Each structure stands twice: as C-alpha cells, then as structure tokens.
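Engineer: This is my_file-v3.csv, which holds CSV, C-alpha atoms:
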```csv
chain,number,residue,atom,x,y,z
K,1,MET,CA,19.3,6.0,-64.4
K,2,LYS,CA,16.7,8.4,-65.8
K,3,LYS,CA,14.1,5.7,-65.6
K,4,LEU,CA,14.9,5.1,-61.9
K,5,ALA,CA,14.7,8.8,-61.1
K,6,THR,CA,11.4,9.1,-62.9
K,7,ILE,CA,10.0,6.1,-61.0
K,8,ILE,CA,11.2,7.6,-57.7
K,9,ILE,CA,9.6,11.0,-58.5
K,10,ILE,CA,6.3,9.3,-59.5
K,11,LEU,CA,6.2,7.2,-56.3
K,12,PHE,CA,7.1,10.3,-54.2
K,13,THR,CA,4.2,12.2,-55.9
K,14,VAL,CA,1.7,9.4,-55.3
K,15,ILE,CA,2.7,8.8,-51.7
K,16,SER,CA,2.6,12.6,-51.0
K,17,GLY,CA,-0.8,12.9,-52.6
K,18,LYS,CA,-2.1,10.0,-50.5
K,19,LEU,CA,-0.7,11.5,-47.3
K,20,PHE,CA,-2.2,14.9,-48.1
K,21,SER,CA,-5.6,13.3,-48.9
K,22,GLN,CA,-5.5,11.4,-45.6
K,23,ASN,CA,-4.6,14.5,-43.6
K,24,GLN,CA,-7.4,16.4,-45.3
K,25,GLN,CA,-9.9,13.6,-44.5
K,26,GLU,CA,-8.8,13.6,-40.8
K,27,GLN,CA,-9.2,17.3,-40.6
K,28,THR,CA,-12.7,17.2,-42.0
K,29,LYS,CA,-14.0,14.5,-39.7
K,30,THR,CA,-16.9,15.8,-37.8
K,31,GLN,CA,-16.9,15.7,-34.0
K,32,ILE,CA,-19.9,13.8,-32.6
K,33,LYS,CA,-22.3,16.0,-30.8
K,34,PRO,CA,-25.1,13.8,-29.5
K,35,ALA,CA,-28.7,14.4,-28.5
K,36,LEU,CA,-31.3,12.0,-27.1
K,37,LEU,CA,-34.8,11.9,-28.7
K,38,ILE,CA,-37.4,10.3,-26.5
K,39,ILE,CA,-40.4,9.6,-28.7
K,40,ASP,CA,-44.1,9.2,-27.7
K,41,ILE,CA,-43.8,7.4,-24.4
K,42,GLN,CA,-47.2,8.8,-23.5
K,43,ASN,CA,-49.5,7.0,-21.1
K,44,VAL,CA,-52.1,6.5,-23.8
K,45,TYR,CA,-49.7,4.6,-26.1
K,46,LEU,CA,-47.8,2.7,-23.4
K,47,SER,CA,-51.0,0.7,-22.6
K,48,MET,CA,-50.6,-1.0,-26.1
K,49,VAL,CA,-47.1,-2.4,-25.3
K,50,PRO,CA,-46.5,-5.9,-23.8
K,51,GLU,CA,-45.7,-5.4,-20.1
K,52,ARG,CA,-42.2,-7.0,-20.1
K,53,GLU,CA,-41.1,-5.0,-23.2
K,54,LYS,CA,-42.4,-1.8,-21.5
K,55,GLU,CA,-40.5,-2.5,-18.3
K,56,VAL,CA,-37.2,-3.2,-20.1
K,57,ALA,CA,-37.5,-0.2,-22.4
K,58,MET,CA,-38.5,2.2,-19.6
K,59,TYR,CA,-35.5,1.1,-17.5
K,60,TYR,CA,-33.2,1.8,-20.4
K,61,ILE,CA,-34.8,5.1,-21.3
K,62,ASN,CA,-34.3,6.3,-17.8
K,63,GLY,CA,-30.7,5.1,-18.0
K,64,LEU,CA,-30.2,7.0,-21.2
K,65,ILE,CA,-31.7,10.2,-19.7
K,66,GLU,CA,-29.3,9.9,-16.7
K,67,LEU,CA,-26.4,9.2,-19.1
K,68,PHE,CA,-27.1,12.2,-21.4
K,69,ARG,CA,-27.8,14.5,-18.5
K,70,SER,CA,-24.6,13.6,-16.6
K,71,ASN,CA,-22.5,14.2,-19.8
K,72,GLY,CA,-24.3,17.5,-20.5
K,73,TYR,CA,-26.0,16.5,-23.8
K,74,PRO,CA,-29.5,17.6,-24.8
K,75,ILE,CA,-32.6,15.6,-24.1
K,76,ILE,CA,-35.5,16.2,-26.4
K,77,ARG,CA,-39.0,14.9,-25.6
K,78,VAL,CA,-41.3,14.3,-28.5
K,79,TYR,CA,-45.1,13.9,-28.1
K,80,HIS,CA,-47.7,12.7,-30.5
K,81,LEU,CA,-51.0,14.6,-30.9
K,82,ASP,CA,-53.8,13.4,-33.1
K,83,ASN,CA,-56.0,16.5,-33.6
K,84,GLU,CA,-59.1,14.3,-34.0
K,85,SER,CA,-58.7,11.6,-31.4
K,86,GLY,CA,-56.4,13.2,-28.9
K,87,PRO,CA,-55.1,12.9,-26.4
K,88,LYS,CA,-55.1,16.6,-25.5
K,89,PRO,CA,-52.0,18.3,-24.1
K,90,GLY,CA,-52.3,18.7,-20.3
K,91,THR,CA,-54.2,15.5,-19.8
K,92,GLU,CA,-52.7,12.5,-18.0
K,93,GLN,CA,-53.1,10.4,-21.1
K,94,PHE,CA,-51.0,12.9,-23.1
K,95,GLU,CA,-48.1,13.0,-20.6
K,96,TYR,CA,-45.2,10.7,-20.0
K,97,PRO,CA,-45.4,8.5,-16.9
K,98,THR,CA,-44.2,10.2,-13.7
K,99,SER,CA,-41.5,7.5,-13.4
K,100,VAL,CA,-39.7,8.9,-16.4
K,101,LEU,CA,-36.7,11.1,-15.3
K,102,ILE,CA,-37.5,14.0,-17.6
K,103,LYS,CA,-37.3,17.6,-16.4
K,104,ASP,CA,-39.3,20.7,-17.4
K,105,GLU,CA,-36.2,22.2,-19.0
K,106,ASP,CA,-35.9,19.2,-21.4
K,107,VAL,CA,-37.1,20.6,-24.7
K,108,ARG,CA,-40.6,19.4,-25.7
K,109,VAL,CA,-41.8,19.0,-29.3
K,110,ILE,CA,-45.4,18.1,-30.2
K,111,LYS,CA,-45.9,16.4,-33.6
K,112,THR,CA,-49.0,15.4,-35.5
K,113,TYR,CA,-47.2,13.1,-38.0
K,114,GLY,CA,-45.2,9.9,-37.4
K,115,ASN,CA,-42.0,11.6,-38.4
K,116,GLY,CA,-40.9,14.0,-35.6
K,117,PHE,CA,-39.3,16.3,-38.2
K,118,ASN,CA,-42.5,16.7,-40.3
K,119,LYS,CA,-44.0,20.2,-39.7
K,120,THR,CA,-42.3,20.7,-36.3
K,121,ASP,CA,-39.3,22.7,-35.0
K,122,LEU,CA,-37.3,19.6,-34.3
K,123,ASP,CA,-34.6,20.2,-36.9
K,124,LYS,CA,-34.2,23.8,-35.8
K,125,ILE,CA,-34.0,22.8,-32.1
K,126,ILE,CA,-31.4,20.2,-32.8
K,127,LYS,CA,-29.3,22.7,-34.7
K,128,GLU,CA,-29.6,25.3,-32.0
K,129,LYS,CA,-28.4,22.7,-29.5
K,130,GLY,CA,-25.4,22.1,-31.8
K,131,SER,CA,-26.1,18.4,-32.2
K,132,ASN,CA,-25.4,16.3,-35.2
K,133,THR,CA,-25.8,12.7,-33.9
K,134,LEU,CA,-29.2,11.5,-32.6
K,135,PHE,CA,-30.0,8.5,-30.4
K,136,LEU,CA,-33.7,7.5,-30.6
K,137,CYS,CA,-35.7,5.7,-28.0
K,138,GLY,CA,-39.4,5.2,-27.2
K,139,LEU,CA,-42.5,4.3,-29.2
K,140,SER,CA,-43.2,2.8,-31.6
K,141,ALA,CA,-40.3,0.8,-33.1
K,142,VAL,CA,-42.5,0.2,-36.2
K,143,GLY,CA,-44.1,3.6,-36.3
K,144,CYS,CA,-43.0,6.9,-35.0
K,145,VAL,CA,-39.5,5.9,-33.9
K,146,LEU,CA,-38.8,4.4,-37.3
K,147,ALA,CA,-40.4,7.4,-39.2
K,148,THR,CA,-38.3,9.8,-37.2
K,149,TRP,CA,-35.2,7.8,-37.8
K,150,ILE,CA,-35.8,8.0,-41.5
K,151,GLY,CA,-36.6,11.7,-41.1
K,152,ALA,CA,-33.2,12.2,-39.4
K,153,GLN,CA,-31.5,10.5,-42.3
K,154,ASP,CA,-33.3,12.9,-44.7
K,155,GLN,CA,-32.0,15.8,-42.6
K,156,ASP,CA,-28.4,14.5,-42.9
K,157,TYR,CA,-28.1,13.5,-39.2
K,158,LYS,CA,-26.3,10.4,-38.0
K,159,ALA,CA,-29.1,8.6,-36.2
K,160,PHE,CA,-29.2,5.4,-34.1
K,161,MET,CA,-32.0,3.5,-32.5
K,162,VAL,CA,-31.1,2.3,-29.0
K,163,LYS,CA,-31.5,-1.4,-28.5
K,164,ASP,CA,-33.9,-2.4,-25.6
K,165,ALA,CA,-35.0,1.3,-25.4
K,166,ILE,CA,-37.5,1.1,-28.2
K,167,MET,CA,-40.8,-0.8,-28.1
K,168,SER,CA,-44.0,-1.5,-30.0
K,169,HIS,CA,-47.2,-3.4,-29.7
K,170,ASN,CA,-45.4,-6.6,-30.8
K,171,SER,CA,-42.0,-7.7,-29.3
K,172,ASP,CA,-41.1,-9.7,-32.4
K,173,TYR,CA,-41.6,-6.5,-34.6
K,174,THR,CA,-39.4,-4.5,-32.2
K,175,ASN,CA,-36.6,-7.2,-32.4
K,176,HIS,CA,-36.8,-7.2,-36.2
K,177,VAL,CA,-36.4,-3.4,-36.3
K,178,GLU,CA,-33.5,-3.5,-33.9
K,179,ASP,CA,-31.8,-6.1,-36.1
K,180,MET,CA,-32.6,-4.5,-39.5
K,181,PHE,CA,-31.5,-1.0,-38.5
K,182,ASP,CA,-28.5,-2.0,-36.4
K,183,ALA,CA,-29.7,-0.6,-33.1
K,184,VAL,CA,-26.9,0.2,-30.7
K,185,GLY,CA,-26.8,-1.0,-27.1
K,186,TYR,CA,-26.6,1.2,-24.0
K,187,ASP,CA,-22.9,0.4,-23.5
K,188,VAL,CA,-22.1,1.6,-27.0
K,189,VAL,CA,-24.0,4.9,-26.4
K,190,LYS,CA,-22.2,5.3,-23.0
K,191,LEU,CA,-18.8,4.8,-24.7
K,192,ILE,CA,-19.6,7.3,-27.5
K,193,LEU,CA,-20.8,9.9,-25.0
K,194,GLU,CA,-17.9,9.6,-22.7
K,195,ASN,CA,-15.5,9.9,-25.7
K,196,SER,CA,-17.3,12.8,-27.5
K,197,GLY,CA,-15.2,15.8,-26.4
K,198,LYS,CA,-17.4,18.7,-25.7
```
Please, can you express the file's structure as structure tokens?
Structural biologist:
Amino acid sequence: MKKLATIIIILFTVISGKLFSQNQQEQTKTQIKPALLIIDIQNVYLSMVPEREKEVAMYYINGLIELFRSNGYPIIRVYHLDNESGPKPGTEQFEYPTSVLIKDEDVRVIKTYGNGFNKTDLDKIIKEKGSNTLFLCGLSAVGCVLATWIGAQDQDYKAFMVKDAIMSHNSDYTNHVEDMFDAVGYDVVKLILENSGK
C-alpha cells in the first residue's frame, strides 16, 4: 500500500510539474508584431532584374504594402547608397519606381552595406515601432535581402523572406534562396497579419 501511495505521489508531482511548465511556456509566448522591410527596389538596380521576375515581384510587393497598411503594421523602406558610385539621394535612379505604393510617412533608411542593420538606425526604428517579426521583400535575393535577413537573425528578430516578392539578377538564384530559406508566400503573410492581435 505504501508503494502504491508513493507511486501516486510521484506521478502527481511529475504531472503537476509538466502542467506548470506548459502553462509557463504558454504565458511567455511572444505575440507577433510584424513589420515589412522593402529593400533596395531602386530604379538603378531594378534594371538588372529579368523583366518577368521584376513584374511578379513588384506586383507582390505592392500587395504586401496594401496588406500591411490595411492591418496597421509598419512599412520600412530601405535604400542602398554607394558613396563612390551613387546613385545620389534625390535622383530618379536612387528612388523607387512611382508605381510602388509607398507613402512619405513610411520610414526610410539609407544603408551603405548589404546588411540593412549595419551602421544604420534600422534596429532602433523597428524597436520604436514595437515590431519583433520582419517580412523582407525586394532586391537582391542573393545580396542585400539575404544579408539583411542574416542581420535580423543576429538582432534576434523572427525574419522571413516573402516568396515571389524577392528578386535578383538571376531567377534561378532567387528560386534557390526562396527554397533554402523557407520563404513564406503572400497567403501565409496575410494569415499571420490577420491573426496577430494588435
């Protein structure tokens, strides 16, 4: 009888401990607070992208902008500046195409490295916006988007590239990056945003 009572006490302790641990984990789950990073879709760089890939990506980028805006989440524009070869801010080559649905109030970050976090205020801006989960689109899948995705991991953000909204000078390279880094589709982003309580 003593053995049975001891076994019951041990089982009760183990089960109680597991339930307590599970409750603690559920309480510490972080709510998703998304932000959209649009990277380097400047006129000067878009000319290097195959036309079909550019059309598809720009369509999805505009869709993402509308999705984030309609759900009240931040949109952050990232621009690349090479101090030696330009393009210079304020020139048409530096800017995004006028077909992109950005607004002046969308935060703008200018970087001089591939990684948008390197020597910029990007991390500070994201924190000020209260975001912890980043969705990346733009140029280049094998360059600045990838470097910024890695930079986001280094800053402890959850970061996702968005399938069909990234592009590069070679469509095969873009497809490989999307596969290797588990890019999420537009529908997945939409589902996440619509279920991320503000």
Engineer: Between atom CA of K:Gly143 and atom CA of K:Met167, what is the distance, to one decimal in Å?
Structural biologist: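 Separation between atom CA of K:Gly143 and atom CA of K:Met167: 9.9 Å.
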Engineer: Counting all atoms listed in the file, find residues at most 6 Å from (-40.4, 11.2, -29.9) (file frame) and give them as a ChimeraX atom specification.
Structural biologist: /K:37-40,77-79
Engineer: Using all atoms listed in the file, which protein or nucleic acid residues come within 12 Å of K:Thr91? Drop anything in the same chain fewer than 3 positions from it, and give the result as an mmCIF file with C-alpha atoms, in the frame of the given file.
Structural biologist:
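Result went into selection07.cif, see below:
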```cif
data_model
loop_
_atom_site.group_PDB
_atom_site.id
_atom_site.type_symbol
_atom_site.label_atom_id
_atom_site.label_comp_id
_atom_site.auth_asym_id
_atom_site.auth_seq_id
_atom_site.Cartn_x
_atom_site.Cartn_y
_atom_site.Cartn_z
ATOM 1 C CA GLN K 42 -47.200 8.800 -23.500
ATOM 2 C CA ASN K 43 -49.500 7.000 -21.100
ATOM 3 C CA VAL K 44 -52.100 6.500 -23.800
ATOM 4 C CA LEU K 81 -51.000 14.600 -30.900
ATOM 5 C CA GLY K 86 -56.400 13.200 -28.900
ATOM 6 C CA PRO K 87 -55.100 12.900 -26.400
ATOM 7 C CA LYS K 88 -55.100 16.600 -25.500
ATOM 8 C CA PHE K 94 -51.000 12.900 -23.100
ATOM 9 C CA GLU K 95 -48.100 13.000 -20.600
ATOM 10 C CA TYR K 96 -45.200 10.700 -20.000
ATOM 11 C CA PRO K 97 -45.400 8.500 -16.900
#
```
Engineer: Leaving out K:Val142 and any residue of its chain fewer than 3 positions from it, which residues lie within 9 Å of it when counting only C-alpha atoms, given as a PyMOL selection string?
Structural biologist: chain K and resi 139+145-147+167-169+173-174+177
Engineer: Do a neighbour search on K:Val188 at 12 Å with all atoms listed in the file, toss out local chain neighbours closer than 5 positions, and write the hits as a ChimeraX atom specification.
Structural biologist: /K:64,67,135,160-163,182-183,193-195
Engineer: I'd like to know which of K:Phe117, K:Asp123, K:Glu84, K:Thr133 is closest to K:Ile150, using only C-alpha atoms.
Structural biologist: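 Nearest candidate to K:Ile150 out of K:Phe117, K:Asp123, K:Glu84, K:Thr133: K:Phe117.
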Engineer: Which of these residues is nearest to K:Ala35, using only C-alpha atoms: K:Gln153, K:Asn132, K:Ser140, K:Ser99?
Structural biologist: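 The answer is K:Asn132, which sits nearest to K:Ala35.
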Engineer: Calculated over only C-alpha atoms, which of the candidates K:His176, K:Lys111, K:Lys124, K:Arg69 has the smallest distance to K:Pro34?
Structural biologist: K:Arg69
Engineer: For the atom pair atom CA of K:Tyr45 and atom CA of K:Glu178, what is the interatomic distance in Å to one decimal place?
Structural biologist: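 Computing the Euclidean distance for atom CA of K:Tyr45 and atom CA of K:Glu178 yields 19.7 Å.
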Engineer: Could you state the separation of atom CA of K:Asp104 and atom CA of K:Asn118 in Å, given to one decimal place?
Structural biologist: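 Separation between atom CA of K:Asp104 and atom CA of K:Asn118: 23.5 Å.
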Engineer: Quick one: of K:Met48, K:Asp187, K:Leu134, K:Ile41, who's nearest to K:Ala159, counting only C-alpha atoms?
Structural biologist: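 Ranked by minimum distance to K:Ala159, first place goes to K:Leu134.
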Engineer: Using only C-alpha atoms, which residue out of K:Gln155, K:Gln93, K:Ser196, K:Asn175 lies closest to K:Leu122?
Structural biologist: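 Using only C-alpha atoms, the shortest distance to K:Leu122 belongs to K:Gln155.
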Engineer: Nearest to K:Gly130 among K:Tyr60, K:Phe68, K:Tyr186, K:Tyr73, with distances taken over only C-alpha atoms: which residue is it?
Structural biologist: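 For K:Gly130, the nearest of the candidates is K:Tyr73.
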Engineer: Around (-42.2, -3.5, -22.9) in the file's frame, which residues reach within 10 Å when counting all atoms listed in the file? Return as JSON, numbers by chain?
Structural biologist: {"K": [46, 47, 48, 49, 50, 51, 52, 53, 54, 55, 56, 57, 58, 59, 164, 165, 166, 167, 168, 169, 170, 171, 174]}
Engineer: Quick one: residues within 8 Å of K:Lys129, all atoms listed in the file, excluding same-chain residues fewer than 3 positions away - as a PyMOL selection string?
Structural biologist: chain K and resi 74+125-126
Engineer: Give me the residues within 8 Å of K:Thr120 as a list of chain:residue names, counting all atoms listed in the file and dropping any in the same chain fewer than 4 places off.
Structural biologist: K:Val109, K:Ile110, K:Lys111, K:Gly116
Engineer: Could I see stretch 173-198 of chain K restored to N, CA and C atoms, set down as an mmCIF file, in the coordinates of the input?
Structural biologist:
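What follows is the written file selection-v7.cif:
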```cif
data_model
loop_
_atom_site.group_PDB
_atom_site.id
_atom_site.type_symbol
_atom_site.label_atom_id
_atom_site.label_comp_id
_atom_site.auth_asym_id
_atom_site.auth_seq_id
_atom_site.Cartn_x
_atom_site.Cartn_y
_atom_site.Cartn_z
ATOM 1 N N TYR K 173 -41.772 -7.663 -33.665
ATOM 2 C CA TYR K 173 -41.600 -6.500 -34.600
ATOM 3 C C TYR K 173 -40.441 -5.648 -34.086
ATOM 4 N N THR K 174 -40.441 -5.387 -32.781
ATOM 5 C CA THR K 174 -39.400 -4.500 -32.200
ATOM 6 C C THR K 174 -38.018 -5.183 -32.447
ATOM 7 N N ASN K 175 -37.912 -6.490 -32.195
ATOM 8 C CA ASN K 175 -36.600 -7.200 -32.400
ATOM 9 C C ASN K 175 -36.186 -7.118 -33.855
ATOM 10 N N HIS K 176 -37.131 -7.243 -34.789
ATOM 11 C CA HIS K 176 -36.800 -7.200 -36.200
ATOM 12 C C HIS K 176 -36.256 -5.772 -36.572
ATOM 13 N N VAL K 177 -36.898 -4.733 -36.061
ATOM 14 C CA VAL K 177 -36.400 -3.400 -36.300
ATOM 15 C C VAL K 177 -35.044 -3.159 -35.764
ATOM 16 N N GLU K 178 -34.819 -3.615 -34.528
ATOM 17 C CA GLU K 178 -33.500 -3.500 -33.900
ATOM 18 C C GLU K 178 -32.426 -4.164 -34.764
ATOM 19 N N ASP K 179 -32.752 -5.341 -35.289
ATOM 20 C CA ASP K 179 -31.800 -6.100 -36.100
ATOM 21 C C ASP K 179 -31.587 -5.400 -37.481
ATOM 22 N N MET K 180 -32.690 -5.045 -38.139
ATOM 23 C CA MET K 180 -32.600 -4.500 -39.500
ATOM 24 C C MET K 180 -31.891 -3.138 -39.523
ATOM 25 N N PHE K 181 -32.037 -2.345 -38.449
ATOM 26 C CA PHE K 181 -31.500 -1.000 -38.500
ATOM 27 C C PHE K 181 -30.291 -0.847 -37.517
ATOM 28 N N ASP K 182 -29.685 -1.993 -37.165
ATOM 29 C CA ASP K 182 -28.500 -2.000 -36.400
ATOM 30 C C ASP K 182 -28.546 -1.110 -35.122
ATOM 31 N N ALA K 183 -29.585 -1.340 -34.323
ATOM 32 C CA ALA K 183 -29.700 -0.600 -33.100
ATOM 33 C C ALA K 183 -28.484 -0.778 -32.218
ATOM 34 N N VAL K 184 -28.048 0.290 -31.567
ATOM 35 C CA VAL K 184 -26.900 0.200 -30.700
ATOM 36 C C VAL K 184 -27.290 0.013 -29.272
ATOM 37 N N GLY K 185 -26.478 -0.703 -28.521
ATOM 38 C CA GLY K 185 -26.800 -1.000 -27.100
ATOM 39 C C GLY K 185 -26.387 0.196 -26.224
ATOM 40 N N TYR K 186 -26.885 0.141 -25.004
ATOM 41 C CA TYR K 186 -26.600 1.200 -24.000
ATOM 42 C C TYR K 186 -25.106 1.370 -23.808
ATOM 43 N N ASP K 187 -24.355 0.270 -23.726
ATOM 44 C CA ASP K 187 -22.900 0.400 -23.500
ATOM 45 C C ASP K 187 -22.194 1.109 -24.614
ATOM 46 N N VAL K 188 -22.657 0.913 -25.846
ATOM 47 C CA VAL K 188 -22.100 1.600 -27.000
ATOM 48 C C VAL K 188 -22.377 3.119 -26.884
ATOM 49 N N VAL K 189 -23.620 3.453 -26.535
ATOM 50 C CA VAL K 189 -24.000 4.900 -26.400
ATOM 51 C C VAL K 189 -23.130 5.498 -25.276
ATOM 52 N N LYS K 190 -22.974 4.788 -24.169
ATOM 53 C CA LYS K 190 -22.200 5.300 -23.000
ATOM 54 C C LYS K 190 -20.726 5.565 -23.501
ATOM 55 N N LEU K 191 -20.147 4.624 -24.234
ATOM 56 C CA LEU K 191 -18.800 4.800 -24.700
ATOM 57 C C LEU K 191 -18.679 5.997 -25.655
ATOM 58 N N ILE K 192 -19.653 6.169 -26.539
ATOM 59 C CA ILE K 192 -19.600 7.300 -27.500
ATOM 60 C C ILE K 192 -19.719 8.622 -26.699
ATOM 61 N N LEU K 193 -20.654 8.709 -25.747
ATOM 62 C CA LEU K 193 -20.800 9.900 -25.000
ATOM 63 C C LEU K 193 -19.588 10.298 -24.175
ATOM 64 N N GLU K 194 -19.015 9.299 -23.558
ATOM 65 C CA GLU K 194 -17.900 9.600 -22.700
ATOM 66 C C GLU K 194 -16.608 9.936 -23.511
ATOM 67 N N ASN K 195 -16.624 9.622 -24.826
ATOM 68 C CA ASN K 195 -15.500 9.900 -25.700
ATOM 69 C C ASN K 195 -15.766 11.019 -26.696
ATOM 70 N N SER K 196 -16.912 11.684 -26.566
ATOM 71 C CA SER K 196 -17.300 12.800 -27.500
ATOM 72 C C SER K 196 -16.854 14.073 -26.745
ATOM 73 N N GLY K 197 -15.653 14.540 -27.032
ATOM 74 C CA GLY K 197 -15.200 15.800 -26.400
ATOM 75 C C GLY K 197 -16.145 16.910 -26.605
ATOM 76 N N LYS K 198 -16.469 17.616 -25.554
ATOM 77 C CA LYS K 198 -17.400 18.700 -25.700
ATOM 78 C C LYS K 198 -16.743 19.953 -26.243
#
```
